[in-house]
Amino acid sequence: MYFHSFPSHNKTGDIMKNKMSFIFGLLCGFLNGLFGSGGGTVAVPCLEKSGLEVKKAHASSVLLIFVLSIFTAIIYFLNGNLDLGLAMDYIPYGIVGAVIGSLTLKKISSDILKKIFAIIIIISGVRILL
Amino acid sequence: MNIIIGILSGIAASMGLGGGFILLIYLSVFTEITQNVAQGINILFFLPIAFISVIIHLKNKLIDIRTVIRYSLAGLIGAVAGSFLSAYLDTGILRKLFGAFLIIIGLKEFFGSKIKKKPQEN
């Protein structure tokens, strides 16, 4: 799977590919910084286009967003928008969820889960705008 | 409620399912916390969760580090720009933008899975 990128592609293809990863990387970081979330929605499809299979793309996106989020958190902190006390209301439970989620990612079909999330997200977006 | 939201967000975030949204949506829609602070909570929340998920995913060999590195540099530039812009935008405008962003992403996620069914043609 990793080998696809170098022997088979010509040079222009590689340059195009690098350009695309630069632009989408930029967009992913930008959105994640702007909204404090959401970088993954750009990262996952991009990683899939880079040739990663679906589950690998999802898992790898977590690492990418993790790295970006560290920098985002630092800047939020400098601007006085970090409140660890409030975050601690959720973090312990989140960790439980993370362990469950990571251990099951290998096994589940995420298609239905994705649709459910999509609906929740759309309804919430409408609620926020109205 | 904190427990349910926390666990759900953790599950979704660790799977890279746009789960970073769940907590932020909850904070934006159901609490009085301003958008900027809500986003800060979301980022802080994500860090330990992502850290644990990454360790487990690495063990399961689900992470392709080379590809991640390829996206990281541009991603960092974007992250710095986005984070500063976020701090300078009016919190009400930021909230509206977030709402619009959610609708776009939601629609994309809902209809997007069809595209993936296409046979891979690498």
# chains A, B, ... in the order shown; residues from 1 in each chain; ligands from 1
>>> interface_residues(of="chain A", to="chain B", cutoff="6 Å", atoms="only C-alpha atoms", output="ChimeraX atom specification")
/A:21-22,25-26,29-30,33-34,36-37,40-41,56,58-60,62-64,66,68,72,81-82,87,90-91,93-95,97-98,101-102,115,118,121-122,125,128-129
>>> atom_distance(atom1="CA of Leu31 in chain A", atom2="CA of Lys19 in chain A")
18.4 Å
>>> atom_distance(atom1="CA of Ile100 in chain A", atom2="CA of Ser124 in chain A")
24.8 Å
>>> closest_residue(among="A:Leu86, A:Cys28, A:Leu105, A:Ile120", to="Ile65 in chain A", atoms="only C-alpha atoms")
A:Cys28
>>> atom_distance(atom1="CA of Gly39 in chain A", atom2="CA of Ala73 in chain A")
13.7 Å
>>> decode(residues="range 89-100 of chain B", atoms="C-alpha atoms", output="CSV table (one decimal), in the first residue's frame")
chain,number,residue,atom,x,y,z
B,89,LEU,CA,-13.3,37.0,15.8
B,90,ASP,CA,-16.3,38.1,17.7
B,91,THR,CA,-17.6,35.2,19.7
B,92,GLY,CA,-21.1,35.5,18.2
B,93,ILE,CA,-19.8,35.5,14.6
B,94,LEU,CA,-17.6,32.5,15.5
B,95,ARG,CA,-20.7,30.7,16.8
B,96,LYS,CA,-22.6,31.3,13.5
B,97,LEU,CA,-19.6,30.2,11.5
B,98,PHE,CA,-19.5,27.1,13.5
B,99,GLY,CA,-23.2,26.4,12.9
B,100,ALA,CA,-22.7,26.8,9.2
